[in-house]
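The structure file my_file_32.pdb is reproduced below (PDB, C-alpha atoms).
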ATOM      1  CA  MET O   1      61.964  49.486  52.957
ATOM      2  CA  THR O   2      63.918  46.377  53.733
ATOM      3  CA  ILE O   3      62.662  42.866  53.387
ATOM      4  CA  ASN O   4      62.551  42.594  57.124
ATOM      5  CA  LYS O   5      60.166  45.493  57.358
ATOM      6  CA  ILE O   6      57.534  43.969  54.958
ATOM      7  CA  ASP O   7      54.173  43.681  56.614
ATOM      8  CA  TRP O   8      53.599  39.941  56.153
ATOM      9  CA  ALA O   9      50.119  40.085  57.624
ATOM     10  CA  TYR O  10      49.073  42.729  55.109
ATOM     11  CA  LEU O  11      50.649  40.800  52.260
ATOM     12  CA  ARG O  12      48.937  37.603  53.352
ATOM     13  CA  ARG O  13      45.546  39.301  53.433
ATOM     14  CA  ALA O  14      46.122  40.737  49.945
ATOM     15  CA  THR O  15      47.151  37.330  48.651
ATOM     16  CA  ILE O  16      44.055  35.706  50.140
ATOM     17  CA  VAL O  17      41.784  38.393  48.673
ATOM     18  CA  LEU O  18      43.461  38.013  45.273
ATOM     19  CA  SER O  19      43.058  34.232  45.416
ATOM     20  CA  VAL O  20      39.404  34.517  46.395
ATOM     21  CA  VAL O  21      38.693  37.054  43.632
ATOM     22  CA  THR O  22      40.530  34.901  41.104
ATOM     23  CA  ALA O  23      38.603  31.805  42.206
ATOM     24  CA  LEU O  24      35.320  33.688  42.044
ATOM     25  CA  SER O  25      36.172  35.016  38.590
ATOM     26  CA  LEU O  26      37.064  31.555  37.344
ATOM     27  CA  GLY O  27      33.924  30.143  38.935
ATOM     28  CA  LEU O  28      31.726  32.801  37.351
ATOM     29  CA  ALA O  29      33.444  32.283  34.006
ATOM     30  CA  LEU O  30      32.863  28.516  34.253
ATOM     31  CA  ILE O  31      29.242  28.991  35.278
ATOM     32  CA  SER O  32      28.742  31.428  32.395
ATOM     33  CA  TYR O  33      30.297  28.969  29.948
ATOM     34  CA  ILE O  34      28.123  26.109  31.185
ATOM     35  CA  TYR O  35      25.026  28.337  31.041
ATOM     36  CA  VAL O  36      25.780  29.506  27.505
ATOM     37  CA  ASP O  37      26.638  25.966  26.381
ATOM     38  CA  ASN O  38      23.433  24.642  27.919
ATOM     39  CA  LYS O  39      21.410  27.373  26.202
ATOM     40  CA  ARG O  40      23.133  26.550  22.933
ATOM     41  CA  TYR O  41      22.297  22.843  23.394
ATOM     42  CA  LEU O  42      18.689  23.660  24.245
ATOM     43  CA  ASN O  43      18.517  25.953  21.253
ATOM     44  CA  HIS O  44      19.856  23.228  18.981
ATOM     45  CA  GLY O  45      17.371  20.784  20.505
ATOM     46  CA  SER O  46      14.547  23.243  19.934
ATOM     47  CA  GLN O  47      15.623  23.747  16.333
ATOM     48  CA  ALA O  48      15.841  19.989  15.794
ATOM     49  CA  GLY O  49      12.389  19.555  17.332
ATOM     50  CA  LEU O  50      11.031  22.344  15.177
ATOM     51  CA  LEU O  51      12.504  20.761  12.053
ATOM     52  CA  LYS O  52      10.995  17.409  13.018
ATOM     53  CA  MET O  53       7.601  19.030  13.542
ATOM     54  CA  LYS O  54       7.880  20.764  10.170
ATOM     55  CA  ALA O  55       8.764  17.443   8.544
ATOM     56  CA  LYS O  56       5.756  15.729  10.165
ATOM     57  CA  HIS O  57       3.508  18.581   9.093
ATOM     58  CA  GLN O  58       4.782  18.374   5.519
ATOM     59  CA  ASP O  59       4.300  14.601   5.543
ATOM     60  CA  ALA O  60       0.710  15.061   6.710
ATOM     61  CA  VAL O  61       0.116  17.639   3.964
ATOM     62  CA  ASN O  62       1.570  15.262   1.370
ATOM     63  CA  GLN O  63      -0.675  12.447   2.587
ATOM     64  CA  LEU O  64      -3.712  14.704   2.357
ATOM     65  CA  HIS O  65      -2.728  15.531  -1.219
ATOM     66  CA  LEU O  66      -2.442  11.814  -1.957
ATOM     67  CA  VAL O  67      -5.890  11.242  -0.480
ATOM     68  CA  ASP O  68      -7.312  14.082  -2.577
ATOM     69  CA  ASN O  69      -5.642  12.759  -5.723
ATOM     70  CA  TYR O  70      -6.466   9.072  -5.341
ATOM     71  CA  LEU O  71      -9.571   8.880  -3.156
ATOM     72  CA  SER O  72     -11.939   8.751  -6.116
ATOM     73  CA  ASP O  73      -9.854   5.989  -7.754
ATOM     74  CA  TYR O  74      -9.774   4.052  -4.477
ATOM     75  CA  GLN O  75     -13.539   4.347  -4.054
ATOM     76  CA  ALA O  76     -14.077   3.245  -7.657
ATOM     77  CA  LEU O  77     -11.912   0.135  -7.123
ATOM     78  CA  GLU O  78     -13.700  -0.564  -3.839
ATOM     79  CA  LYS O  79     -17.067  -0.305  -5.571
ATOM     80  CA  LYS O  80     -15.795  -2.524  -8.382
ATOM     81  CA  GLY O  81     -14.999  -5.206  -5.805
ATOM     82  CA  PHE O  82     -11.224  -5.178  -6.194
ATOM     83  CA  ILE O  83     -10.578  -3.821  -2.676
ATOM     84  CA  GLY O  84     -11.962  -5.818   0.225
ATOM     85  CA  GLU O  85     -13.366  -9.331   0.515
ATOM     86  CA  GLU O  86     -13.904 -11.336  -2.661
ATOM     87  CA  ASN O  87     -17.499 -11.843  -3.747
ATOM     88  CA  ARG O  88     -17.745 -15.345  -5.195
ATOM     89  CA  LEU O  89     -21.533 -15.372  -4.987
ATOM     90  CA  ASN O  90     -21.658 -12.365  -7.307
ATOM     91  CA  TRP O  91     -19.377 -14.082  -9.826
ATOM     92  CA  VAL O  92     -21.555 -17.204  -9.869
ATOM     93  CA  GLU O  93     -24.823 -15.257 -10.107
ATOM     94  CA  THR O  94     -23.371 -13.105 -12.890
ATOM     95  CA  LEU O  95     -22.327 -16.178 -14.890
ATOM     96  CA  GLY O  96     -25.832 -17.612 -14.496
ATOM     97  CA  ALA O  97     -27.417 -14.336 -15.656
ATOM     98  CA  ILE O  98     -25.073 -14.180 -18.663
ATOM     99  CA  ALA O  99     -25.851 -17.768 -19.659
ATOM    100  CA  LYS O 100     -29.578 -17.036 -19.498
ATOM    101  CA  LYS O 101     -29.327 -13.716 -21.351
ATOM    102  CA  LYS O 102     -27.021 -14.977 -24.109
ATOM    103  CA  LYS O 103     -28.759 -18.377 -24.281
ATOM    104  CA  VAL O 104     -25.477 -20.184 -23.779
ATOM    105  CA  VAL O 105     -25.935 -23.951 -23.708
ATOM    106  CA  THR O 106     -23.766 -24.551 -20.612
ATOM    107  CA  ILE O 107     -21.440 -22.593 -18.333
ATOM    108  CA  GLU O 108     -19.891 -24.678 -15.582
ATOM    109  CA  TYR O 109     -17.311 -23.375 -13.150
ATOM    110  CA  ASN O 110     -14.802 -24.494 -10.555
ATOM    111  CA  ILE O 111     -13.253 -21.995  -8.121
ATOM    112  CA  LYS O 112     -10.100 -22.870  -6.204
ATOM    113  CA  ALA O 113      -9.168 -21.629  -2.734
ATOM    114  CA  LEU O 114      -7.999 -18.057  -2.199
ATOM    115  CA  GLN O 115      -4.203 -17.761  -2.466
ATOM    116  CA  PRO O 116      -1.645 -14.955  -2.041
ATOM    117  CA  TYR O 117      -0.739 -13.614  -5.475
ATOM    118  CA  ARG O 118       2.962 -13.492  -6.322
ATOM    119  CA  PRO O 119       3.548 -11.543  -9.546
ATOM    120  CA  ALA O 120       6.639 -12.073 -11.685
ATOM    121  CA  TYR O 121       7.635  -8.436 -11.105
ATOM    122  CA  LYS O 122       8.506  -6.730  -7.821
ATOM    123  CA  VAL O 123       5.618  -4.997  -6.032
ATOM    124  CA  ASN O 124       5.896  -2.746  -2.970
ATOM    125  CA  ALA O 125       3.241  -4.400  -0.838
ATOM    126  CA  SER O 126       4.221  -3.217   2.617
ATOM    127  CA  LEU O 127       0.725  -1.915   3.400
ATOM    128  CA  PHE O 128      -1.480  -4.342   1.493
ATOM    129  CA  LYS O 129      -1.695  -7.888   0.216
ATOM    130  CA  ILE O 130      -2.892  -9.132  -3.159
ATOM    131  CA  ASN O 131      -4.870 -12.365  -3.291
ATOM    132  CA  SER O 132      -6.160 -14.338  -6.240
ATOM    133  CA  SER O 133      -8.695 -17.090  -6.788
ATOM    134  CA  GLU O 134      -8.431 -19.303  -9.850
ATOM    135  CA  MET O 135     -11.662 -20.006 -11.680
ATOM    136  CA  VAL O 136     -11.952 -22.591 -14.453
ATOM    137  CA  LEU O 137     -14.902 -22.150 -16.822
ATOM    138  CA  HIS O 138     -16.257 -25.003 -18.991
ATOM    139  CA  MET O 139     -18.579 -23.662 -21.690
ATOM    140  CA  LYS O 140     -20.609 -25.286 -24.437
ATOM    141  CA  LEU O 141     -21.276 -22.662 -27.088
ATOM    142  CA  LEU O 142     -23.286 -22.320 -30.265
ATOM    143  CA  HIS O 143     -20.744 -19.931 -31.831
ATOM    144  CA  GLU O 144     -17.254 -18.694 -30.941
ATOM    145  CA  ARG O 145     -18.658 -15.175 -30.756
ATOM    146  CA  ASP O 146     -20.519 -16.314 -27.626
ATOM    147  CA  LEU O 147     -17.195 -16.490 -25.803
ATOM    148  CA  LEU O 148     -16.468 -12.813 -26.492
ATOM    149  CA  ASP O 149     -19.998 -11.886 -25.412
ATOM    150  CA  ILE O 150     -19.577 -13.786 -22.133
ATOM    151  CA  PHE O 151     -16.415 -11.899 -21.218
ATOM    152  CA  THR O 152     -17.912  -8.575 -22.302
ATOM    153  CA  GLU O 153     -20.830  -9.106 -19.934
ATOM    154  CA  LEU O 154     -18.553 -10.417 -17.195
ATOM    155  CA  ASN O 155     -16.491  -7.211 -17.437
ATOM    156  CA  ARG O 156     -19.629  -5.106 -17.245
ATOM    157  CA  LEU O 157     -21.568  -6.870 -14.502
ATOM    158  CA  ALA O 158     -19.269  -8.816 -12.196
ATOM    159  CA  GLU O 159     -17.752  -7.385  -9.034
ATOM    160  CA  GLY O 160     -13.971  -7.719  -9.034
ATOM    161  CA  ILE O 161     -11.043  -7.646 -11.395
ATOM    162  CA  TYR O 162      -9.744 -10.674 -13.256
ATOM    163  CA  ASP O 163      -7.398 -11.659 -16.011
ATOM    164  CA  ILE O 164      -7.643 -14.534 -18.463
ATOM    165  CA  LYS O 165      -4.767 -16.907 -17.811
ATOM    166  CA  ARG O 166      -5.484 -19.207 -20.740
ATOM    167  CA  CYS O 167      -8.344 -20.224 -22.996
ATOM    168  CA  LYS O 168      -8.814 -23.301 -25.186
ATOM    169  CA  MET O 169     -11.570 -23.909 -27.739
ATOM    170  CA  GLN O 170     -12.430 -27.070 -29.591
ATOM    171  CA  ARG O 171     -14.886 -27.475 -32.458
ATOM    172  CA  GLN O 172     -17.392 -30.296 -32.049
ATOM    173  CA  HIS O 173     -18.536 -30.715 -35.672
ATOM    174  CA  ARG O 174     -16.986 -30.259 -39.079
ATOM    175  CA  SER O 175     -19.718 -27.799 -40.009
ATOM    176  CA  ILE O 176     -21.678 -25.429 -37.786
ATOM    177  CA  VAL O 177     -25.040 -26.660 -36.526
ATOM    178  CA  TYR O 178     -27.445 -23.727 -36.361
ATOM    179  CA  ASP O 179     -30.099 -25.365 -34.206
ATOM    180  CA  GLU O 180     -30.790 -23.521 -30.950
ATOM    181  CA  GLY O 181     -29.182 -25.358 -28.065
ATOM    182  CA  ALA O 182     -26.619 -27.063 -30.286
ATOM    183  CA  THR O 183     -23.009 -27.294 -29.118
ATOM    184  CA  ASN O 184     -20.566 -26.294 -31.843
ATOM    185  CA  ILE O 185     -17.704 -25.083 -29.618
ATOM    186  CA  VAL O 186     -16.453 -26.398 -26.297
ATOM    187  CA  ALA O 187     -14.308 -23.838 -24.477
ATOM    188  CA  GLU O 188     -12.282 -24.042 -21.296
ATOM    189  CA  CYS O 189     -10.881 -20.827 -19.816
ATOM    190  CA  THR O 190      -8.866 -20.247 -16.659
ATOM    191  CA  LEU O 191      -9.303 -16.892 -14.913
ATOM    192  CA  ASN O 192      -7.557 -15.260 -11.972
ATOM    193  CA  TRP O 193      -9.811 -13.107  -9.798
ATOM    194  CA  PHE O 194      -7.880 -10.518  -7.776
ATOM    195  CA  THR O 195      -8.633  -8.801  -4.486
ATOM    196  CA  LEU O 196      -6.618  -6.254  -2.556
ATOM    197  CA  GLN O 197      -6.694  -6.075   1.244
ATOM    198  CA  ALA O 198      -4.905  -3.955   3.812
ATOM    199  CA  LYS O 199      -2.531  -6.029   5.929
ATOM    200  CA  GLY O 200      -3.989  -6.913   9.287
ATOM    201  CA  SER O 201      -7.585  -6.580   8.065
ATOM    202  CA  GLY O 202      -8.290 -10.285   8.284
TER     203      GLY O 202
END

Once more with this new file: its structure as structure tokens, please.
Amino acid sequence: MTINKIDWAYLRRATIVLSVVTALSLGLALISYIYVDNKRYLNHGSQAGLLKMKAKHQDAVNQLHLVDNYLSDYQALEKKGFIGEENRLNWVETLGAIAKKKKVVTIEYNIKALQPYRPAYKVNASLFKINSSEMVLHMKLLHERDLLDIFTELNRLAEGIYDIKRCKMQRQHRSIVYDEGATNIVAECTLNWFTLQAKGSG
């Protein structure tokens, strides 16, 4: 067969068919690749979502464990008056009851305004705030043992938690006067009353 005798129409049809088949094959291959890649992406997204859900579930479980472990301690501190609003009336009434019970000559007090407490050490207080109120006690006592009794009763009866910042005692006589109502010791003590509140609670 000579080149002149080639059936160009037949060859053209074959070329067109081959081109169409090739284009379709490439198109199907591209579509398949995009489909598989999209499935792979969705699969990765599903796995990431599943991992995030597992992490949230584990976090919730951990928080429940924390609640189980510390709920009783929290409730005890709340009952003690450390968590929530400060109860100054209780402090004053308790001091009056102690003075009457222990027959203390005089207990006078001065309470300063509530202030944010800033400890010398670092505290992670992202969820709560610590406040303190300074109370200065002026006491006229028969015996120095009365001072220990006052703080023992204050620990037992008063709502709240405090620390003793400083305490100063001064003797009034060279020798002890044993008469009831006598003042042998004048004491001045500064206390810090603490309260803990969740941020945003007021």

I'd like a table as a Markdown table: residues in stretch 73-113 of chain O with an atom no more than 9 Å from stretch 187-194 of chain O, each row giving the shortest atom pair and its distance in Å to one decimal, all atoms listed in the file counted, sorted by chain and rising residue number.
| residue | atom | partner | partner_atom | distance |
| --- | --- | --- | --- | --- |
| O:Phe82 | CA | O:Phe194 | CA | 6.5 |
| O:Ile83 | CA | O:Phe194 | CA | 8.8 |
| O:Glu86 | CA | O:Phe194 | CA | 7.9 |

Residues matched by the PyMOL selection byres ((chain O and resi 153) around 12), written as a list in words: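 When the PyMOL selection byres ((chain O and resi 153) around 12) is applied to the shown file, the picked residues are Trp91, Thr94, Leu95, Gly96, Ala97, Ile98, Ala99, Lys100, Lys101, Lys102, Asp146, Leu147, Leu148, Asp149, Ile150, Phe151, Thr152, Leu154, Asn155, Arg156, Leu157, Ala158 and Glu159 of chain O.
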
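Take atom CA of O:Val105 and atom CA of O:His173: the distance between them is 15.6 Å.
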
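Counting from atom CA of O:Leu127, the distance to atom CA of O:Gln197 is 8.8 Å.
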
Run the PyMOL selection byres ((chain O and resi 175-184) around 7) mentally over the shown coordinates, then write out the matched residues as an mmCIF file with C-alpha atoms, keeping the file's coordinate frame, using the chain letters and numbers from the document.
data_model
loop_
_atom_site.group_PDB
_atom_site.id
_atom_site.type_symbol
_atom_site.label_atom_id
_atom_site.label_comp_id
_atom_site.auth_asym_id
_atom_site.auth_seq_id
_atom_site.Cartn_x
_atom_site.Cartn_y
_atom_site.Cartn_z
ATOM 1 C CA VAL O 105 -25.935 -23.951 -23.708
ATOM 2 C CA LYS O 140 -20.609 -25.286 -24.437
ATOM 3 C CA LEU O 141 -21.276 -22.662 -27.088
ATOM 4 C CA LEU O 142 -23.286 -22.320 -30.265
ATOM 5 C CA HIS O 143 -20.744 -19.931 -31.831
ATOM 6 C CA ARG O 171 -14.886 -27.475 -32.458
ATOM 7 C CA GLN O 172 -17.392 -30.296 -32.049
ATOM 8 C CA HIS O 173 -18.536 -30.715 -35.672
ATOM 9 C CA ARG O 174 -16.986 -30.259 -39.079
ATOM 10 C CA ILE O 185 -17.704 -25.083 -29.618
ATOM 11 C CA VAL O 186 -16.453 -26.398 -26.297
#

Where does the PyMOL selection byres ((chain O and resi 107) around 6) land in this file, that is, which residues does it pick, as a ChimeraX atom specification? /O:106,108,138-139

Nearest to O:Asp163 by atom-to-atom distance, counting all atoms listed in the file, from O:Glu78, O:Glu134, O:Glu85, O:Glu93: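 Checking each of O:Glu78, O:Glu134, O:Glu85, O:Glu93 against O:Asp163, counting all atoms listed in the file, the winner is O:Glu134.
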
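Reported to one decimal place, the separation of atom CA of O:Val92 from atom CA of O:Ser72 is 27.9 Å.
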